[in-house]
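Contents: one structure, followed by commentary.
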Amino acid sequence: MKVPNHVAIILDGNGRWAKAKGMPRTYGHVKGCANLETICDDVKDLGIKYLTVYAFSTENWKRSRDEVEALMKLFRSYLKKCVKIAERNKMRVKIIGDTSVFDEVIRERIHYLEEVSKDYDELYFQIALNYGSRDEITRGMRRMAQDAAEGKLIPTQITEETIEGYLDTAGVPDPDLLIRTSGELRLSNFLLWQLAYTEFYFTEVPWPDFDKQELIRAIEKYNQRDRRYGGVKEEQHV
């Protein structure tokens, strides 16, 4: 089985999973966060080098105040715990998205986590927090425009590689496989630039129930895809 180099996952269905069990949505988020720790172990075991997860979008602020506050509390706890997870897996962690809106505790824990894990290289783990792809591109293009205005960048020499260098994911290869849990069939403003040639896998399984076997199932489907990147595979003649 050929294992993709980079897997991206939209972590969906925590709230619906909890409600189906007669529990509050926040219970689903707690279980989903615990599952993320397990999946990091599974990803490393399978030999996947890069993992990117969509944990909190720029649109998720629209949820109820109680749910948002519960998520912020969960982030504070997880970011602290993730230091040990990173050490165990020799995993470099990077947070993508606009983190400036978070409180001081969350920002400090993000900085500490990224700093203590910066030299690990067995697994590269990106967590999208307050992330939206259009916001990412907008922020990147503002920095690019500023550099052009200051003479650091010649507009006629801008390439795709130049643009990639201004994105939150700069230096990280594009995902080979995108997985979205819980049955939704959309990207929801996630990695729009980076997913240009990515294979998609959608599963009805909600995130808290997503396990190593389901991950392997997704990779098996990935192995059945013919990735031509716009080219044509020559027909074999008998």
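By order in the structure tokens, chains are A, B, ...; within a chain, residues start at 1; ligands start at 1, following the order shown.
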
| request: Among the residues of region 26-234 of chain A, find those DSSP assigns to helix (DSSP H, G or I) from the backbone and print them as a ChimeraX atom specification. | output: /A:26-46,60-62,65-89,99-101,104-116,133-149,155-157,160-164,207-209,212-223

| task | Enumerate the residues of region 176-224 of chain A with a DSSP assignment of strand (DSSP E), computed from the backbone, and present them as a VMD selection string. | result | chain A and resid 177 to 180 199 to 202

| message | List as a ChimeraX atom specification the protein and nucleic acid residues near region 159-164 of chain A, meaning an atom at most 9 Å away when only C-alpha atoms are counted, but skip any in the same chain fewer than 3 places from it. | response | /A:137,140-141,144,156,167-171,193-194

Hey, which bits of region 141-212 of chain A sit within 6 Å of region 12-26 of chain A, and for each residue what's the closest pair of atoms and how far apart in Å (one decimal), counting only C-alpha atoms, rows by chain and increasing number, as a tab-separated table?
```
residue	atom	partner	partner_atom	distance
A:Thr181	CA	A:Asp12	CA	5.2
A:Ser182	CA	A:Gly13	CA	5.1
A:Pro206	CA	A:Gly13	CA	4.7
A:Trp207	CA	A:Asp12	CA	5.6
```

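Between Pro173 (chain A) and the candidates A:Tyr197, A:Lys118, A:Phe56, A:Ile85, the tightest atom-to-atom separation, counting only C-alpha atoms, involves A:Tyr197.
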
| task | Extract, using only C-alpha atoms, all DNA, RNA and protein residues at most 12 Å from Lys84 (chain A), discarding same-chain residues fewer than 3 positions from it, and format them as number ranges by chain. | result | A: 37, 78-81, 87-93, 113, 116-117

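Between CA of Asn35 (chain A) and CA of Phe75 (chain A) the separation is 14.1 Å.
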
| request: Name all residues at most 12 Å from Tyr124 (chain A) (count only C-alpha atoms; drop same-chain ones fewer than 2 positions away) and give them as a PyMOL selection string. | output: chain A and resi 5-8+40+43-44+47-53+86+89-95+114+117-122+126-127+169+171-173

| query | Leaving out Phe102 (chain A) and any residue of its chain fewer than 3 positions from it, which residues lie within 10 Å of it when counting only C-alpha atoms, given as a PyMOL selection string? | reply | chain A and resi 72+98-99+105-108+129-130

Using all heavy atoms, can you export the residues from the last selection as a compact mmCIF listing (two decimals), in the first residue's frame?
```txt
# COMPACT_ATOMS: atom_id res chain seq x y z
N MET A 72 -12.54 27.33 23.28
CA MET A 72 -11.33 28.05 23.69
C MET A 72 -10.68 27.37 24.90
O MET A 72 -9.45 27.23 24.98
CB MET A 72 -11.65 29.51 24.02
CG MET A 72 -12.12 30.34 22.83
SD MET A 72 -10.95 30.38 21.45
CE MET A 72 -11.93 29.53 20.20
N ASP A 98 -5.12 32.86 11.51
CA ASP A 98 -4.88 34.15 12.16
C ASP A 98 -5.02 33.99 13.66
O ASP A 98 -6.12 34.02 14.21
CB ASP A 98 -5.87 35.19 11.63
CG ASP A 98 -5.67 36.57 12.24
OD1 ASP A 98 -4.67 36.76 12.98
OD2 ASP A 98 -6.51 37.45 12.00
N THR A 99 -3.90 33.80 14.34
CA THR A 99 -3.92 33.54 15.78
C THR A 99 -3.96 34.83 16.61
O THR A 99 -4.06 34.75 17.83
CB THR A 99 -2.69 32.72 16.20
OG1 THR A 99 -1.49 33.44 15.87
CG2 THR A 99 -2.68 31.37 15.48
N VAL A 105 -3.22 33.68 26.72
CA VAL A 105 -2.84 32.33 27.15
C VAL A 105 -2.71 31.41 25.94
O VAL A 105 -1.72 30.67 25.80
CB VAL A 105 -3.88 31.76 28.14
CG1 VAL A 105 -3.58 30.29 28.42
CG2 VAL A 105 -3.88 32.55 29.43
N ILE A 106 -3.69 31.45 25.04
CA ILE A 106 -3.63 30.60 23.85
C ILE A 106 -2.45 30.98 22.97
O ILE A 106 -1.72 30.11 22.49
CB ILE A 106 -4.96 30.68 23.06
CG1 ILE A 106 -6.08 30.01 23.86
CG2 ILE A 106 -4.81 30.04 21.68
CD1 ILE A 106 -7.44 30.05 23.20
N ARG A 107 -2.23 32.28 22.77
CA ARG A 107 -1.10 32.71 21.93
C ARG A 107 0.23 32.27 22.52
O ARG A 107 1.13 31.82 21.80
CB ARG A 107 -1.13 34.24 21.75
CG ARG A 107 -2.31 34.76 20.95
CD ARG A 107 -2.07 36.16 20.43
NE ARG A 107 -1.62 37.08 21.45
CZ ARG A 107 -2.40 37.79 22.25
NH1 ARG A 107 -3.71 37.69 22.14
NH2 ARG A 107 -1.90 38.62 23.16
N GLU A 108 0.36 32.39 23.83
CA GLU A 108 1.61 31.97 24.49
C GLU A 108 1.82 30.47 24.36
O GLU A 108 2.95 30.01 24.13
CB GLU A 108 1.59 32.38 25.97
CG GLU A 108 1.78 33.86 26.20
CD GLU A 108 1.72 34.23 27.67
OE1 GLU A 108 1.37 33.35 28.49
OE2 GLU A 108 2.01 35.41 28.00
N LEU A 129 -6.29 26.82 13.14
CA LEU A 129 -7.09 27.47 14.16
C LEU A 129 -7.40 28.89 13.72
O LEU A 129 -6.49 29.64 13.35
CB LEU A 129 -6.34 27.50 15.50
CG LEU A 129 -6.11 26.17 16.22
CD1 LEU A 129 -5.30 26.40 17.50
CD2 LEU A 129 -7.45 25.51 16.56
N ASN A 130 -8.67 29.28 13.81
CA ASN A 130 -9.14 30.53 13.22
C ASN A 130 -8.60 30.65 11.80
O ASN A 130 -8.01 31.65 11.41
CB ASN A 130 -8.72 31.76 14.05
CG ASN A 130 -9.46 33.01 13.60
OD1 ASN A 130 -10.63 32.96 13.23
ND2 ASN A 130 -8.77 34.14 13.59
```

| task | Find the distance between CA of Ile154 (chain A) and CA of Phe190 (chain A) and write it in Å to one decimal. | result | 29.0 Å

Asn60 (chain A) environment, 12 Å, only C-alpha atoms, sequence neighbours closer than 2 positions dropped, as a PDB file with all heavy atoms, in the first residue's frame:
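part.pdb written:
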```pdb
ATOM      1  N   TYR A  54      -8.183  20.562  10.229  1.00  0.00           N
ATOM      2  CA  TYR A  54      -9.021  21.764  10.297  1.00  0.00           C
ATOM      3  C   TYR A  54      -9.790  21.708  11.600  1.00  0.00           C
ATOM      4  O   TYR A  54     -10.779  20.982  11.724  1.00  0.00           O
ATOM      5  CB  TYR A  54      -9.979  21.754   9.119  1.00  0.00           C
ATOM      6  CG  TYR A  54     -10.544  23.089   8.682  1.00  0.00           C
ATOM      7  CD1 TYR A  54     -10.112  24.295   9.209  1.00  0.00           C
ATOM      8  CD2 TYR A  54     -11.542  23.131   7.707  1.00  0.00           C
ATOM      9  CE1 TYR A  54     -10.618  25.499   8.777  1.00  0.00           C
ATOM     10  CE2 TYR A  54     -12.068  24.329   7.250  1.00  0.00           C
ATOM     11  CZ  TYR A  54     -11.606  25.513   7.792  1.00  0.00           C
ATOM     12  OH  TYR A  54     -12.124  26.707   7.350  1.00  0.00           O
ATOM     13  N   ALA A  55      -9.351  22.467  12.599  1.00  0.00           N
ATOM     14  CA  ALA A  55      -9.930  22.377  13.939  1.00  0.00           C
ATOM     15  C   ALA A  55     -10.924  23.491  14.250  1.00  0.00           C
ATOM     16  O   ALA A  55     -11.909  23.270  14.967  1.00  0.00           O
ATOM     17  CB  ALA A  55      -8.807  22.378  14.974  1.00  0.00           C
ATOM     18  N   PHE A  56     -10.673  24.708  13.749  1.00  0.00           N
ATOM     19  CA  PHE A  56     -11.556  25.841  14.046  1.00  0.00           C
ATOM     20  C   PHE A  56     -11.431  26.854  12.917  1.00  0.00           C
ATOM     21  O   PHE A  56     -10.343  27.361  12.644  1.00  0.00           O
ATOM     22  CB  PHE A  56     -11.156  26.486  15.375  1.00  0.00           C
ATOM     23  CG  PHE A  56     -12.121  27.523  15.877  1.00  0.00           C
ATOM     24  CD1 PHE A  56     -13.281  27.146  16.549  1.00  0.00           C
ATOM     25  CD2 PHE A  56     -11.882  28.870  15.673  1.00  0.00           C
ATOM     26  CE1 PHE A  56     -14.172  28.103  17.022  1.00  0.00           C
ATOM     27  CE2 PHE A  56     -12.769  29.831  16.131  1.00  0.00           C
ATOM     28  CZ  PHE A  56     -13.916  29.444  16.813  1.00  0.00           C
ATOM     29  N   SER A  57     -12.538  27.119  12.244  1.00  0.00           N
ATOM     30  CA  SER A  57     -12.509  28.005  11.082  1.00  0.00           C
ATOM     31  C   SER A  57     -12.834  29.444  11.464  1.00  0.00           C
ATOM     32  O   SER A  57     -13.339  29.722  12.561  1.00  0.00           O
ATOM     33  CB  SER A  57     -13.511  27.521  10.021  1.00  0.00           C
ATOM     34  OG  SER A  57     -14.833  27.877  10.395  1.00  0.00           O
ATOM     35  N   THR A  58     -12.580  30.350  10.545  1.00  0.00           N
ATOM     36  CA  THR A  58     -12.913  31.762  10.761  1.00  0.00           C
ATOM     37  C   THR A  58     -14.425  31.948  10.892  1.00  0.00           C
ATOM     38  O   THR A  58     -14.886  32.936  11.467  1.00  0.00           O
ATOM     39  CB  THR A  58     -12.389  32.626   9.595  1.00  0.00           C
ATOM     40  OG1 THR A  58     -12.792  32.033   8.348  1.00  0.00           O
ATOM     41  CG2 THR A  58     -10.879  32.742   9.626  1.00  0.00           C
ATOM     42  N   LYS A  62     -19.308  32.092  14.716  1.00  0.00           N
ATOM     43  CA  LYS A  62     -20.759  32.325  14.640  1.00  0.00           C
ATOM     44  C   LYS A  62     -21.542  31.378  15.544  1.00  0.00           C
ATOM     45  O   LYS A  62     -22.745  31.549  15.725  1.00  0.00           O
ATOM     46  CB  LYS A  62     -21.238  32.154  13.196  1.00  0.00           C
ATOM     47  CG  LYS A  62     -20.607  33.124  12.204  1.00  0.00           C
ATOM     48  CD  LYS A  62     -21.024  32.792  10.790  1.00  0.00           C
ATOM     49  CE  LYS A  62     -20.312  33.675   9.773  1.00  0.00           C
ATOM     50  NZ  LYS A  62     -20.643  33.287   8.373  1.00  0.00           N
ATOM     51  N   ARG A  63     -20.894  30.359  16.074  1.00  0.00           N
ATOM     52  CA  ARG A  63     -21.569  29.422  16.951  1.00  0.00           C
ATOM     53  C   ARG A  63     -21.926  30.091  18.280  1.00  0.00           C
ATOM     54  O   ARG A  63     -21.512  31.213  18.562  1.00  0.00           O
ATOM     55  CB  ARG A  63     -20.686  28.193  17.177  1.00  0.00           C
ATOM     56  CG  ARG A  63     -20.427  27.421  15.894  1.00  0.00           C
ATOM     57  CD  ARG A  63     -19.649  26.157  16.123  1.00  0.00           C
ATOM     58  NE  ARG A  63     -19.453  25.417  14.886  1.00  0.00           N
ATOM     59  CZ  ARG A  63     -18.871  24.225  14.802  1.00  0.00           C
ATOM     60  NH1 ARG A  63     -18.428  23.637  15.907  1.00  0.00           N
ATOM     61  NH2 ARG A  63     -18.734  23.624  13.645  1.00  0.00           N
ATOM     62  N   SER A  64     -22.707  29.412  19.091  1.00  0.00           N
ATOM     63  CA  SER A  64     -23.167  30.004  20.353  1.00  0.00           C
ATOM     64  C   SER A  64     -21.978  30.395  21.222  1.00  0.00           C
ATOM     65  O   SER A  64     -20.905  29.791  21.145  1.00  0.00           O
ATOM     66  CB  SER A  64     -24.052  29.020  21.112  1.00  0.00           C
ATOM     67  OG  SER A  64     -23.282  27.949  21.641  1.00  0.00           O
ATOM     68  N   ARG A  65     -22.200  31.397  22.046  1.00  0.00           N
ATOM     69  CA  ARG A  65     -21.133  31.879  22.929  1.00  0.00           C
ATOM     70  C   ARG A  65     -20.621  30.768  23.838  1.00  0.00           C
ATOM     71  O   ARG A  65     -19.413  30.631  24.051  1.00  0.00           O
ATOM     72  CB  ARG A  65     -21.650  33.045  23.761  1.00  0.00           C
ATOM     73  CG  ARG A  65     -20.603  33.644  24.690  1.00  0.00           C
ATOM     74  CD  ARG A  65     -21.121  34.873  25.404  1.00  0.00           C
ATOM     75  NE  ARG A  65     -20.139  35.427  26.316  1.00  0.00           N
ATOM     76  CZ  ARG A  65     -20.326  36.508  27.050  1.00  0.00           C
ATOM     77  NH1 ARG A  65     -21.480  37.159  26.955  1.00  0.00           N
ATOM     78  NH2 ARG A  65     -19.388  36.953  27.852  1.00  0.00           N
ATOM     79  N   GLU A  67     -20.606  27.540  23.288  1.00  0.00           N
ATOM     80  CA  GLU A  67     -19.806  26.560  22.547  1.00  0.00           C
ATOM     81  C   GLU A  67     -18.430  27.120  22.209  1.00  0.00           C
ATOM     82  O   GLU A  67     -17.426  26.416  22.329  1.00  0.00           O
ATOM     83  CB  GLU A  67     -20.525  26.134  21.265  1.00  0.00           C
ATOM     84  CG  GLU A  67     -19.782  25.040  20.519  1.00  0.00           C
ATOM     85  CD  GLU A  67     -20.561  24.449  19.358  1.00  0.00           C
ATOM     86  OE1 GLU A  67     -21.748  24.776  19.211  1.00  0.00           O
ATOM     87  OE2 GLU A  67     -19.976  23.646  18.594  1.00  0.00           O
ATOM     88  N   VAL A  68     -18.383  28.390  21.808  1.00  0.00           N
ATOM     89  CA  VAL A  68     -17.091  29.002  21.482  1.00  0.00           C
ATOM     90  C   VAL A  68     -16.202  29.058  22.724  1.00  0.00           C
ATOM     91  O   VAL A  68     -15.011  28.736  22.667  1.00  0.00           O
ATOM     92  CB  VAL A  68     -17.285  30.410  20.880  1.00  0.00           C
ATOM     93  CG1 VAL A  68     -15.947  31.143  20.787  1.00  0.00           C
ATOM     94  CG2 VAL A  68     -17.918  30.321  19.494  1.00  0.00           C
ATOM     95  N   GLU A  69     -16.768  29.446  23.850  1.00  0.00           N
ATOM     96  CA  GLU A  69     -15.987  29.516  25.087  1.00  0.00           C
ATOM     97  C   GLU A  69     -15.479  28.130  25.499  1.00  0.00           C
ATOM     98  O   GLU A  69     -14.346  27.986  25.970  1.00  0.00           O
ATOM     99  CB  GLU A  69     -16.829  30.129  26.210  1.00  0.00           C
ATOM    100  CG  GLU A  69     -17.053  31.633  26.035  1.00  0.00           C
ATOM    101  CD  GLU A  69     -17.872  32.244  27.164  1.00  0.00           C
ATOM    102  OE1 GLU A  69     -18.388  31.467  28.004  1.00  0.00           O
ATOM    103  OE2 GLU A  69     -17.996  33.470  27.209  1.00  0.00           O
ATOM    104  N   LEU A  71     -14.830  25.710  23.428  1.00  0.00           N
ATOM    105  CA  LEU A  71     -13.760  25.372  22.480  1.00  0.00           C
ATOM    106  C   LEU A  71     -12.455  26.071  22.855  1.00  0.00           C
ATOM    107  O   LEU A  71     -11.375  25.478  22.767  1.00  0.00           O
ATOM    108  CB  LEU A  71     -14.174  25.751  21.062  1.00  0.00           C
ATOM    109  CG  LEU A  71     -15.175  24.800  20.389  1.00  0.00           C
ATOM    110  CD1 LEU A  71     -15.772  25.441  19.137  1.00  0.00           C
ATOM    111  CD2 LEU A  71     -14.516  23.476  20.048  1.00  0.00           C
ATOM    112  N   MET A  72     -12.537  27.331  23.279  1.00  0.00           N
ATOM    113  CA  MET A  72     -11.327  28.047  23.688  1.00  0.00           C
ATOM    114  C   MET A  72     -10.681  27.367  24.899  1.00  0.00           C
ATOM    115  O   MET A  72      -9.453  27.226  24.977  1.00  0.00           O
ATOM    116  CB  MET A  72     -11.652  29.514  24.025  1.00  0.00           C
ATOM    117  CG  MET A  72     -12.124  30.345  22.834  1.00  0.00           C
ATOM    118  SD  MET A  72     -10.952  30.380  21.449  1.00  0.00           S
ATOM    119  CE  MET A  72     -11.931  29.530  20.200  1.00  0.00           C
ATOM    120  N   LEU A 129      -6.290  26.816  13.135  1.00  0.00           N
ATOM    121  CA  LEU A 129      -7.092  27.472  14.165  1.00  0.00           C
ATOM    122  C   LEU A 129      -7.405  28.894  13.719  1.00  0.00           C
ATOM    123  O   LEU A 129      -6.494  29.638  13.346  1.00  0.00           O
ATOM    124  CB  LEU A 129      -6.339  27.504  15.500  1.00  0.00           C
ATOM    125  CG  LEU A 129      -6.112  26.169  16.223  1.00  0.00           C
ATOM    126  CD1 LEU A 129      -5.304  26.402  17.495  1.00  0.00           C
ATOM    127  CD2 LEU A 129      -7.450  25.508  16.558  1.00  0.00           C
ATOM    128  N   ASN A 130      -8.673  29.276  13.812  1.00  0.00           N
ATOM    129  CA  ASN A 130      -9.143  30.532  13.223  1.00  0.00           C
ATOM    130  C   ASN A 130      -8.601  30.651  11.801  1.00  0.00           C
ATOM    131  O   ASN A 130      -8.006  31.651  11.410  1.00  0.00           O
ATOM    132  CB  ASN A 130      -8.723  31.759  14.048  1.00  0.00           C
ATOM    133  CG  ASN A 130      -9.463  33.007  13.597  1.00  0.00           C
ATOM    134  OD1 ASN A 130     -10.627  32.959  13.232  1.00  0.00           O
ATOM    135  ND2 ASN A 130      -8.766  34.141  13.588  1.00  0.00           N
ATOM    136  N   TYR A 131      -8.804  29.572  11.060  1.00  0.00           N
ATOM    137  CA  TYR A 131      -8.297  29.488   9.698  1.00  0.00           C
ATOM    138  C   TYR A 131      -9.439  29.528   8.689  1.00  0.00           C
ATOM    139  O   TYR A 131     -10.476  28.909   8.872  1.00  0.00           O
ATOM    140  CB  TYR A 131      -7.522  28.184   9.488  1.00  0.00           C
ATOM    141  CG  TYR A 131      -7.069  27.987   8.056  1.00  0.00           C
ATOM    142  CD1 TYR A 131      -5.838  28.488   7.617  1.00  0.00           C
ATOM    143  CD2 TYR A 131      -7.891  27.350   7.128  1.00  0.00           C
ATOM    144  CE1 TYR A 131      -5.437  28.330   6.300  1.00  0.00           C
ATOM    145  CE2 TYR A 131      -7.495  27.187   5.810  1.00  0.00           C
ATOM    146  CZ  TYR A 131      -6.271  27.680   5.400  1.00  0.00           C
ATOM    147  OH  TYR A 131      -5.883  27.542   4.091  1.00  0.00           O
ATOM    148  N   GLY A 132      -9.214  30.274   7.619  1.00  0.00           N
ATOM    149  CA  GLY A 132     -10.071  30.270   6.444  1.00  0.00           C
ATOM    150  C   GLY A 132      -9.165  30.501   5.250  1.00  0.00           C
ATOM    151  O   GLY A 132      -8.294  31.382   5.296  1.00  0.00           O
ATOM    152  N   SER A 188     -15.443  23.830   2.638  1.00  0.00           N
ATOM    153  CA  SER A 188     -15.646  24.771   3.739  1.00  0.00           C
ATOM    154  C   SER A 188     -14.463  25.714   3.938  1.00  0.00           C
ATOM    155  O   SER A 188     -14.005  25.940   5.057  1.00  0.00           O
ATOM    156  CB  SER A 188     -15.966  24.025   5.044  1.00  0.00           C
ATOM    157  OG  SER A 188     -17.171  23.303   4.912  1.00  0.00           O
ATOM    158  N   ASN A 189     -13.948  26.243   2.827  1.00  0.00           N
ATOM    159  CA  ASN A 189     -12.920  27.284   2.900  1.00  0.00           C
ATOM    160  C   ASN A 189     -11.607  26.763   3.497  1.00  0.00           C
ATOM    161  O   ASN A 189     -10.912  27.478   4.210  1.00  0.00           O
ATOM    162  CB  ASN A 189     -13.448  28.475   3.717  1.00  0.00           C
ATOM    163  CG  ASN A 189     -12.662  29.748   3.496  1.00  0.00           C
ATOM    164  OD1 ASN A 189     -11.921  29.895   2.518  1.00  0.00           O
ATOM    165  ND2 ASN A 189     -12.828  30.701   4.403  1.00  0.00           N
TER     166      ASN A 189
END
```
